[in-house]
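The next block holds one structure in the form of structure tokens; read it before the comments.
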Amino acid sequence: MRFLCLPGAYGSAKNFGVQLGPFSKHMEDRGLATFAFTQGEHEVEPPLGWENYFGSRPLYRFISAAEGDVFETIRRVRHIPRGLSPEATVRLFNKNSEPAGLKWQTVRETMDRLFKIIDEDPEIDGLIGYSEGAMIAASLCAEENRRWEESGIPRRIKFAIFFAGSPPLVSKGDDVVAHLADEHGTSIDIPTFHVFGSNDPLVYSSIALYNACNQDTAQLYDHGLGHLVPRDADNVEQLGDTLSDVIMKINKAREGEGGGGGKRSSQANSAADTPVSEFTADEYNTSSSTGSAASSAGSTAGSTAESDLDLRSIHGVQASGIAKIQVK
């Protein structure tokens with residue numbers, strides 16, 4: 001399987017190659033996957049105080065954004081009421097912030113460019129995204145699913161891995177909204193794998209993305225840290241073991257279908273018919289195993305700092321108590 005890899009905001013193809021390095025090397029050494037890296041087109045400067053954190057310049061985003069403090073987003077999390085569903089939290093959090101204010105044309109242009117990259121490499125059949133890159137990867141999957149359902153256009157992407165993801169963006173007239181499962185049902189019908197950290201202030205967003213995917217073929221993996229790509233040997237090994245089984249099953253299914261785009265779902269994708277996980281971010285603090293990953297928590301390229309959100313987490317799991325939750 002060949003993955004197209006999409007970095008987070010203030011990232012680059014080069015830096016994401018370093019950030020994802022331990023995982024991609026492990027997967028390549030086991031003969032499970034190869035990787036291609038891309039980046040956004042909008043060059044950006046890191047926020048004040050973080051000039052040396054995100055790795056070597058130039059840095060990019062997939063979506064053009066107004067200047068401002070990117071970590072204002074994290075500070076706002078502190079004021080969100082506890083106990084809301086993931087979808088309700090996303091709706092509240094997005095009020096008067098991204099994706100509000102985005103225009104569909106901007107997102108459409110970003111996706112068209114990425115679809116062109118996929119079309120030019122016939123071996124690409126998977127996506128990996130981190131943070132903003134995961135949101136864009138989810139949007140690509142949702143758009144492919146829409147084309148398949150409405151027009152029968154075969155899907156190129158057979159599997160997606162999301163690190164610290166967010167629900168896909170879809171059009172609402174000229175504007176953009178997050179496609180949430182409790183309103184719209186399933187928007188991604190291919191197998192998906194969701195890697196998140198119970199210590200991530202934005203964990204609700206990862207779960208909202210999981211809920212928007214086909215629950216029969218979606219899996220969760222909690223590395224217990226923050227808003228990062230895990231690089232420590234223990235997590236990389238466990239991810240490789242789990243993904244080995246998933247990728248082999250996908251390959252077998254593709255062989256049985258003769259490489260087609262898959263069968264169309266006969267079940268209506270309504271919110272009422274779609275199972276939605278009701279647990280909230282607080283519940284991830286109830287299950288943890290002993291062990292330490294403090295020495296391997298940092299995953300961002302070109303920085304000796306801790307994880308971007310580990311030290312700013314508002315949830316209670318510490319590096320000495322790493323939650324290990326694997327579903328299915």
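Residue numbering restarts at 1 for every chain of the structure tokens, chains are lettered A, B, ... in their displayed order, and ligands are numbered from 1 as they appear.
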
**Report entry** Ser187 (chain A) environment, 12 Å, only C-alpha atoms, sequence neighbours closer than 5 positions dropped, as number ranges by chain
**Finding:** A: 138-149, 167-170, 178-182, 192, 208-215, 265, 268-271, 274

Query raised in the report: Residues at most 10 Å from Arg30 (chain A), counting only C-alpha atoms, excluding those fewer than 4 positions away in the same chain, as a ChimeraX atom specification?
Result: /A:24-26,240-241,244

**Report entry** Near-region 122-137 of chain A list (8 Å; only C-alpha atoms; drop same-chain fewer than 2 positions) as a PyMOL selection string
**Finding:** chain A and resi 1-9+61-62+111+118-120+139-141+156-169+227-229

Query raised in the report: If you measure from CA of Thr38 (chain A) to CA of Pro154 (chain A), what distance in Å do you get, rounded to one decimal?
Result: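 That distance, rounded to one decimal, is 23.0 Å.
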
Requested in this report: May I ask which of the residues A:Pro46, A:Phe115, A:Ser85, A:Ile247 is the closest one to Ala33 (chain A), counting only C-alpha atoms?
Outcome: A:Ile247

Requested in this report: Calculate how many Å separate CA of Asn52 (chain A) from CA of Phe35 (chain A), rounding to one decimal.
Outcome: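 Calculated distance between CA of Asn52 (chain A) and CA of Phe35 (chain A) is 26.4 Å.
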
**Report entry** Atom pair CA of Val236 (chain A) / CA of Ser56 (chain A): separation (Å)
**Finding:**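 About the pair CA of Val236 (chain A) and CA of Ser56 (chain A): they are 24.5 Å apart.
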
Query raised in the report: Looking at A:Phe54, A:Thr34, A:Pro86, A:Leu102, which one is nearest to Ser171 (chain A), with distances taken over only C-alpha atoms?
Result: A:Leu102
